[in-house]
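Below: one structure, written as structure tokens.
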Amino acid sequence: MSRNAPNNWDRPGNAGPTRWQHAWPWLRRALTLLFFCGLALLLVERGRALDWAEVGASLAAYDAESLVLAGLLGAFSYALYCSFDLFGRRYTGHKLSTTAVVSTAFVSYAFNLNLGALVGGIGFRYRLYSRYGLNAATITRVLGLSMLSNWLGYLPLAGAVLASAVVSLPAPFRVGEMALQILGVVLLLTAPAYLAVCAFSRRRYWRLRGLRIDLPHAPMALAQLGLSTANWLSIAGVVWMLLGGAADYPSVLAALLLGAIAGVLTHVPAGLGVLEAVFLALLGGRINEAPILAALLAYRALYYLLPGLIALLVYLGLEAKARWRPLALRSSM
């Protein structure tokens, strides 16, 4: 091609990228950096005011019974989440065993919490399910249903929290009590609307970029809502138990729900720092901050790190089994 040849943007009828399109990536990076700087300053300011010896004392004060009970509730939450992929099996009609589905869902969820959704929730699902022979379209449908199931219970719970004004946002983030309550009512209506569509819609499927999206039937939709709601309530229950009743459960639930969506919006792996900032902002004015931070550290150890280590061992076992299987087949021929 000649060096003087015009490029596509110079041809008539082709509009080049606008200044806004050029500027947006840099603006997005700048806003993200600004947010992280603000978050870091908030944590540093809070950290200086904290009595870390008191945080350590709060951690040391946990007895084995409390940790075991919180761990069991966390395990119950993981079991509920893994059931979403069992819905996916019924939804798509694939024939993988329950063990294969649950192990894949467990590894993906644990890595999702520790490494982020793109690597954990999405990447490892595609990796493991493809190892079992599922095609990309089926994996995408399973993943989509799992994500829908997870957030289906979140929306009405968040709606109830906002509509009831159970928690007051800090002054810099307050957008008006009436606006939050209206948003809460809208979120509360999402679950009944979804159930109604699943129960009464005459059109049962759509196609999006060649992928068929089937509408679940009403019993499955109701089970999705029930198990997802129970899952979010269980996660909040873990933190509430670790706080030892220092804060009321609705306030803990509200802080957890707001912290979860803040972590998703900021794309911070494991919501590191974001969850702590939200809990300290919402509950710090009512109870001592040291027990809050101690509870969150214990929560991360029980609900993030310990399952993450177990998931790593499970994943390595699955990979070893997948590598061994072709060798065993070749040696038997």
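Identifiers in the structure tokens: chain A, B, ... in order shown; residue index from 1 per chain; ligand index from 1 in order shown.
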
(request) Write down as an NGL selection string the residues belonging to segment 66-217 of chain A that are assigned helix (DSSP H, G or I) by DSSP computed on the backbone. (result) :A and (66-92 or 98-115 or 117-131 or 136-164 or 171-173 or 177-200)

Okay, now the selection with C-alpha atoms, as a compact mmCIF listing (two decimals), in the first residue's frame?
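File produced: selection_11.txt:
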```
# COMPACT_ATOMS: atom_id res chain seq x y z
CA SER A 66 -18.41 -18.95 66.70
CA LEU A 67 -15.96 -19.52 63.86
CA VAL A 68 -17.32 -23.01 63.16
CA LEU A 69 -20.92 -21.78 63.09
CA ALA A 70 -20.01 -18.89 60.78
CA GLY A 71 -18.06 -21.31 58.58
CA LEU A 72 -21.01 -23.69 58.36
CA LEU A 73 -23.31 -20.85 57.35
CA GLY A 74 -20.77 -19.87 54.71
CA ALA A 75 -20.70 -23.46 53.44
CA PHE A 76 -24.50 -23.38 53.23
CA SER A 77 -24.24 -20.24 51.11
CA TYR A 78 -21.77 -21.95 48.75
CA ALA A 79 -24.14 -24.90 48.43
CA LEU A 80 -26.97 -22.55 47.50
CA TYR A 81 -24.81 -20.84 44.88
CA CYS A 82 -23.73 -24.18 43.36
CA SER A 83 -27.40 -25.07 42.92
CA PHE A 84 -27.65 -22.31 40.29
CA ASP A 85 -25.52 -24.38 37.91
CA LEU A 86 -27.80 -27.37 38.56
CA PHE A 87 -30.61 -25.12 37.32
CA GLY A 88 -28.39 -24.53 34.31
CA ARG A 89 -28.16 -28.26 33.66
CA ARG A 90 -31.92 -28.59 33.66
CA TYR A 91 -32.29 -25.39 31.64
CA THR A 92 -29.92 -26.49 28.87
CA THR A 98 -24.01 -33.56 39.64
CA THR A 99 -20.43 -33.92 40.90
CA ALA A 100 -19.03 -32.31 37.74
CA VAL A 101 -21.52 -29.44 37.87
CA VAL A 102 -21.13 -28.71 41.58
CA SER A 103 -17.32 -28.90 41.50
CA THR A 104 -17.21 -26.51 38.53
CA ALA A 105 -19.61 -24.08 40.19
CA PHE A 106 -17.71 -24.21 43.48
CA VAL A 107 -14.31 -23.55 41.88
CA SER A 108 -15.74 -20.75 39.75
CA TYR A 109 -17.50 -19.04 42.66
CA ALA A 110 -14.50 -19.21 45.00
CA PHE A 111 -12.16 -17.87 42.30
CA ASN A 112 -14.77 -15.27 41.37
CA LEU A 113 -14.72 -13.91 44.91
CA ASN A 114 -10.93 -13.89 45.17
CA LEU A 115 -9.85 -13.01 41.62
CA ALA A 117 -15.72 -12.21 37.85
CA LEU A 118 -13.84 -12.16 34.54
CA VAL A 119 -11.20 -14.64 35.68
CA GLY A 120 -13.19 -16.69 38.18
CA GLY A 121 -16.88 -16.67 37.39
CA ILE A 122 -16.43 -16.61 33.60
CA GLY A 123 -12.95 -17.86 32.72
CA PHE A 124 -12.88 -20.93 34.94
CA ARG A 125 -16.42 -21.93 34.01
CA TYR A 126 -15.51 -21.97 30.32
CA ARG A 127 -12.26 -23.78 31.09
CA LEU A 128 -13.80 -26.54 33.20
CA TYR A 129 -17.06 -27.03 31.33
CA SER A 130 -15.20 -27.22 28.02
CA ARG A 131 -13.01 -29.90 29.61
CA ALA A 136 -19.47 -22.60 24.09
CA ALA A 137 -23.16 -21.90 23.45
CA THR A 138 -24.26 -24.25 26.24
CA ILE A 139 -21.66 -22.86 28.66
CA THR A 140 -22.84 -19.33 27.89
CA ARG A 141 -26.44 -20.27 28.66
CA VAL A 142 -25.45 -21.95 31.94
CA LEU A 143 -23.36 -18.92 32.89
CA GLY A 144 -26.15 -16.51 32.01
CA LEU A 145 -28.72 -18.40 34.07
CA SER A 146 -26.33 -18.60 37.03
CA MET A 147 -25.67 -14.86 36.94
CA LEU A 148 -29.38 -14.14 36.65
CA SER A 149 -30.15 -16.45 39.56
CA ASN A 150 -27.48 -14.82 41.72
CA TRP A 151 -28.74 -11.25 41.23
CA LEU A 152 -32.44 -12.13 41.17
CA GLY A 153 -32.54 -12.41 44.95
CA TYR A 154 -30.32 -9.38 45.40
CA LEU A 155 -32.70 -6.94 43.74
CA PRO A 156 -35.75 -7.32 46.03
CA LEU A 157 -33.55 -7.42 49.13
CA ALA A 158 -31.80 -4.22 48.09
CA GLY A 159 -35.20 -2.76 47.26
CA ALA A 160 -36.52 -3.60 50.71
CA VAL A 161 -33.46 -2.03 52.33
CA LEU A 162 -33.79 1.21 50.37
CA ALA A 163 -37.60 1.45 50.55
CA SER A 164 -37.63 0.94 54.32
CA ALA A 171 -23.79 12.80 53.77
CA PRO A 172 -21.48 12.90 50.68
CA PHE A 173 -23.42 9.99 49.10
CA GLU A 177 -34.39 9.90 51.05
CA MET A 178 -37.41 10.01 48.74
CA ALA A 179 -35.31 9.16 45.66
CA LEU A 180 -33.79 6.15 47.44
CA GLN A 181 -37.20 4.93 48.54
CA ILE A 182 -38.57 5.23 44.99
CA LEU A 183 -35.56 3.28 43.70
CA GLY A 184 -36.22 0.70 46.40
CA VAL A 185 -39.82 0.24 45.28
CA VAL A 186 -38.68 -0.18 41.67
CA LEU A 187 -36.18 -2.86 42.73
CA LEU A 188 -38.85 -4.59 44.80
CA LEU A 189 -41.03 -4.90 41.70
CA THR A 190 -38.35 -6.64 39.63
CA ALA A 191 -38.85 -10.08 41.17
CA PRO A 192 -42.67 -10.17 40.80
CA ALA A 193 -42.27 -8.86 37.24
CA TYR A 194 -39.80 -11.64 36.39
CA LEU A 195 -42.07 -14.29 37.89
CA ALA A 196 -45.06 -12.92 35.98
CA VAL A 197 -43.18 -12.94 32.67
CA CYS A 198 -42.00 -16.52 33.26
CA ALA A 199 -45.51 -17.64 34.17
CA PHE A 200 -47.62 -15.84 31.58
```

(request) Could you tell me how far atom CA of Arg204 of chain A lies from atom CA of Leu134 of chain A, in Å and to one decimal? (result) 23.4 Å

(request) Would you mind reading off the distance between atom CA of Ala298 of chain A and atom CA of Leu316 of chain A, one decimal, in Å? (result) 26.0 Å

(request) Excluding Ala260 of chain A and residues on its chain fewer than 2 positions from it, collect all residues at most 12 Å away from it, counting only C-alpha atoms, and give them as a ChimeraX atom specification. (result) /A:113,150-151,154-155,158,232,235-236,253-258,262-279

Could those residues be written to a file, using N, CA and C atoms, as an mmCIF file, in the first residue's frame?
```
data_model
loop_
_atom_site.group_PDB
_atom_site.id
_atom_site.type_symbol
_atom_site.label_atom_id
_atom_site.label_comp_id
_atom_site.auth_asym_id
_atom_site.auth_seq_id
_atom_site.Cartn_x
_atom_site.Cartn_y
_atom_site.Cartn_z
ATOM 1 N N LEU A 113 -14.820 -14.771 43.748
ATOM 2 C CA LEU A 113 -14.718 -13.908 44.914
ATOM 3 C C LEU A 113 -13.295 -13.399 45.123
ATOM 4 N N ASN A 150 -28.200 -15.462 40.629
ATOM 5 C CA ASN A 150 -27.484 -14.818 41.724
ATOM 6 C C ASN A 150 -28.056 -13.439 42.042
ATOM 7 N N TRP A 151 -28.298 -12.629 41.006
ATOM 8 C CA TRP A 151 -28.740 -11.252 41.233
ATOM 9 C C TRP A 151 -30.247 -11.129 41.376
ATOM 10 N N TYR A 154 -30.921 -10.620 44.926
ATOM 11 C CA TYR A 154 -30.316 -9.378 45.404
ATOM 12 C C TYR A 154 -31.261 -8.201 45.228
ATOM 13 N N LEU A 155 -31.920 -8.131 44.079
ATOM 14 C CA LEU A 155 -32.705 -6.940 43.739
ATOM 15 C C LEU A 155 -33.840 -6.664 44.733
ATOM 16 N N ALA A 158 -32.285 -5.591 48.147
ATOM 17 C CA ALA A 158 -31.798 -4.219 48.090
ATOM 18 C C ALA A 158 -32.959 -3.237 48.037
ATOM 19 N N TRP A 232 -28.103 -14.652 49.696
ATOM 20 C CA TRP A 232 -27.688 -13.331 50.163
ATOM 21 C C TRP A 232 -27.941 -13.155 51.660
ATOM 22 N N ILE A 235 -25.102 -14.990 53.454
ATOM 23 C CA ILE A 235 -23.826 -14.273 53.437
ATOM 24 C C ILE A 235 -23.825 -13.168 54.496
ATOM 25 N N ALA A 236 -24.926 -12.413 54.544
ATOM 26 C CA ALA A 236 -25.026 -11.372 55.571
ATOM 27 C C ALA A 236 -25.013 -11.981 56.967
ATOM 28 N N LEU A 253 -27.100 -6.484 56.738
ATOM 29 C CA LEU A 253 -27.560 -6.872 55.405
ATOM 30 C C LEU A 253 -27.470 -5.696 54.442
ATOM 31 N N ALA A 254 -27.890 -4.527 54.890
ATOM 32 C CA ALA A 254 -27.843 -3.341 54.034
ATOM 33 C C ALA A 254 -26.407 -3.013 53.640
ATOM 34 N N ALA A 255 -25.486 -3.057 54.609
ATOM 35 C CA ALA A 255 -24.083 -2.749 54.314
ATOM 36 C C ALA A 255 -23.492 -3.775 53.356
ATOM 37 N N LEU A 256 -23.834 -5.040 53.534
ATOM 38 C CA LEU A 256 -23.304 -6.075 52.657
ATOM 39 C C LEU A 256 -23.818 -5.903 51.231
ATOM 40 N N LEU A 257 -25.106 -5.612 51.078
ATOM 41 C CA LEU A 257 -25.685 -5.448 49.743
ATOM 42 C C LEU A 257 -25.078 -4.250 49.027
ATOM 43 N N LEU A 258 -24.926 -3.132 49.738
ATOM 44 C CA LEU A 258 -24.325 -1.947 49.127
ATOM 45 C C LEU A 258 -22.849 -2.174 48.822
ATOM 46 N N ALA A 262 -21.077 -2.071 45.096
ATOM 47 C CA ALA A 262 -19.950 -1.140 44.947
ATOM 48 C C ALA A 262 -18.724 -1.873 44.431
ATOM 49 N N GLY A 263 -18.494 -3.094 44.919
ATOM 50 C CA GLY A 263 -17.369 -3.879 44.442
ATOM 51 C C GLY A 263 -17.495 -4.253 42.983
ATOM 52 N N VAL A 264 -18.726 -4.563 42.546
ATOM 53 C CA VAL A 264 -18.959 -4.906 41.140
ATOM 54 C C VAL A 264 -18.725 -3.690 40.250
ATOM 55 N N LEU A 265 -19.247 -2.543 40.659
ATOM 56 C CA LEU A 265 -19.133 -1.342 39.837
ATOM 57 C C LEU A 265 -17.692 -0.857 39.719
ATOM 58 N N THR A 266 -16.889 -1.079 40.750
ATOM 59 C CA THR A 266 -15.507 -0.603 40.725
ATOM 60 C C THR A 266 -14.541 -1.639 40.174
ATOM 61 N N HIS A 267 -15.009 -2.877 39.945
ATOM 62 C CA HIS A 267 -14.171 -3.947 39.382
ATOM 63 C C HIS A 267 -12.939 -4.223 40.236
ATOM 64 N N VAL A 268 -13.058 -4.071 41.541
ATOM 65 C CA VAL A 268 -11.943 -4.381 42.428
ATOM 66 C C VAL A 268 -12.004 -5.858 42.780
ATOM 67 N N PRO A 269 -10.959 -6.637 42.490
ATOM 68 C CA PRO A 269 -10.979 -8.066 42.843
ATOM 69 C C PRO A 269 -11.246 -8.259 44.327
ATOM 70 N N ALA A 270 -12.200 -9.125 44.612
ATOM 71 C CA ALA A 270 -12.611 -9.440 45.981
ATOM 72 C C ALA A 270 -13.216 -8.242 46.706
ATOM 73 N N GLY A 271 -13.483 -7.131 45.972
ATOM 74 C CA GLY A 271 -14.006 -5.933 46.620
ATOM 75 C C GLY A 271 -13.089 -5.431 47.714
ATOM 76 N N LEU A 272 -11.770 -5.684 47.551
ATOM 77 C CA LEU A 272 -10.796 -5.389 48.601
ATOM 78 C C LEU A 272 -10.775 -3.894 48.900
ATOM 79 N N GLY A 273 -11.071 -3.553 50.130
ATOM 80 C CA GLY A 273 -11.099 -2.163 50.544
ATOM 81 C C GLY A 273 -12.466 -1.521 50.371
ATOM 82 N N VAL A 274 -13.190 -1.935 49.321
ATOM 83 C CA VAL A 274 -14.501 -1.343 49.059
ATOM 84 C C VAL A 274 -15.500 -1.797 50.119
ATOM 85 N N LEU A 275 -15.548 -3.093 50.371
ATOM 86 C CA LEU A 275 -16.480 -3.624 51.366
ATOM 87 C C LEU A 275 -16.194 -3.022 52.740
ATOM 88 N N GLU A 276 -14.909 -2.942 53.092
ATOM 89 C CA GLU A 276 -14.542 -2.375 54.385
ATOM 90 C C GLU A 276 -14.963 -0.915 54.489
ATOM 91 N N ALA A 277 -14.749 -0.147 53.400
ATOM 92 C CA ALA A 277 -15.115 1.265 53.415
ATOM 93 C C ALA A 277 -16.619 1.445 53.605
ATOM 94 N N VAL A 278 -17.414 0.604 52.932
ATOM 95 C CA VAL A 278 -18.870 0.711 53.050
ATOM 96 C C VAL A 278 -19.328 0.368 54.466
ATOM 97 N N PHE A 279 -18.798 -0.712 55.036
ATOM 98 C CA PHE A 279 -19.194 -1.104 56.396
ATOM 99 C C PHE A 279 -18.795 -0.040 57.412
#
```

(message) When you look at Glu289 of chain A with a cut-off of 7 Å (counting only C-alpha atoms), what residues show up, excluding the ones that are within fewer than 4 positions of it in the same chain? I need them as a PyMOL selection string.
(response) chain A and resi 280+284+293

Selection export as a short mmCIF file (atom, residue, chain, number, x, y, z; two decimals), in the first residue's frame, atoms kept: N, CA and C atoms:
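For reference, part-v9.cif as written:
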```cif
data_model
loop_
_atom_site.label_atom_id
_atom_site.label_comp_id
_atom_site.auth_asym_id
_atom_site.auth_seq_id
_atom_site.Cartn_x
_atom_site.Cartn_y
_atom_site.Cartn_z
N LEU A 280 -17.58 0.48 57.27
CA LEU A 280 -17.15 1.51 58.22
C LEU A 280 -17.98 2.78 58.08
N GLY A 284 -19.91 2.52 61.28
CA GLY A 284 -18.88 3.06 62.16
C GLY A 284 -19.38 4.09 63.14
N LEU A 293 -13.94 -4.11 61.65
CA LEU A 293 -12.82 -4.53 60.80
C LEU A 293 -12.40 -5.96 61.14
#
```
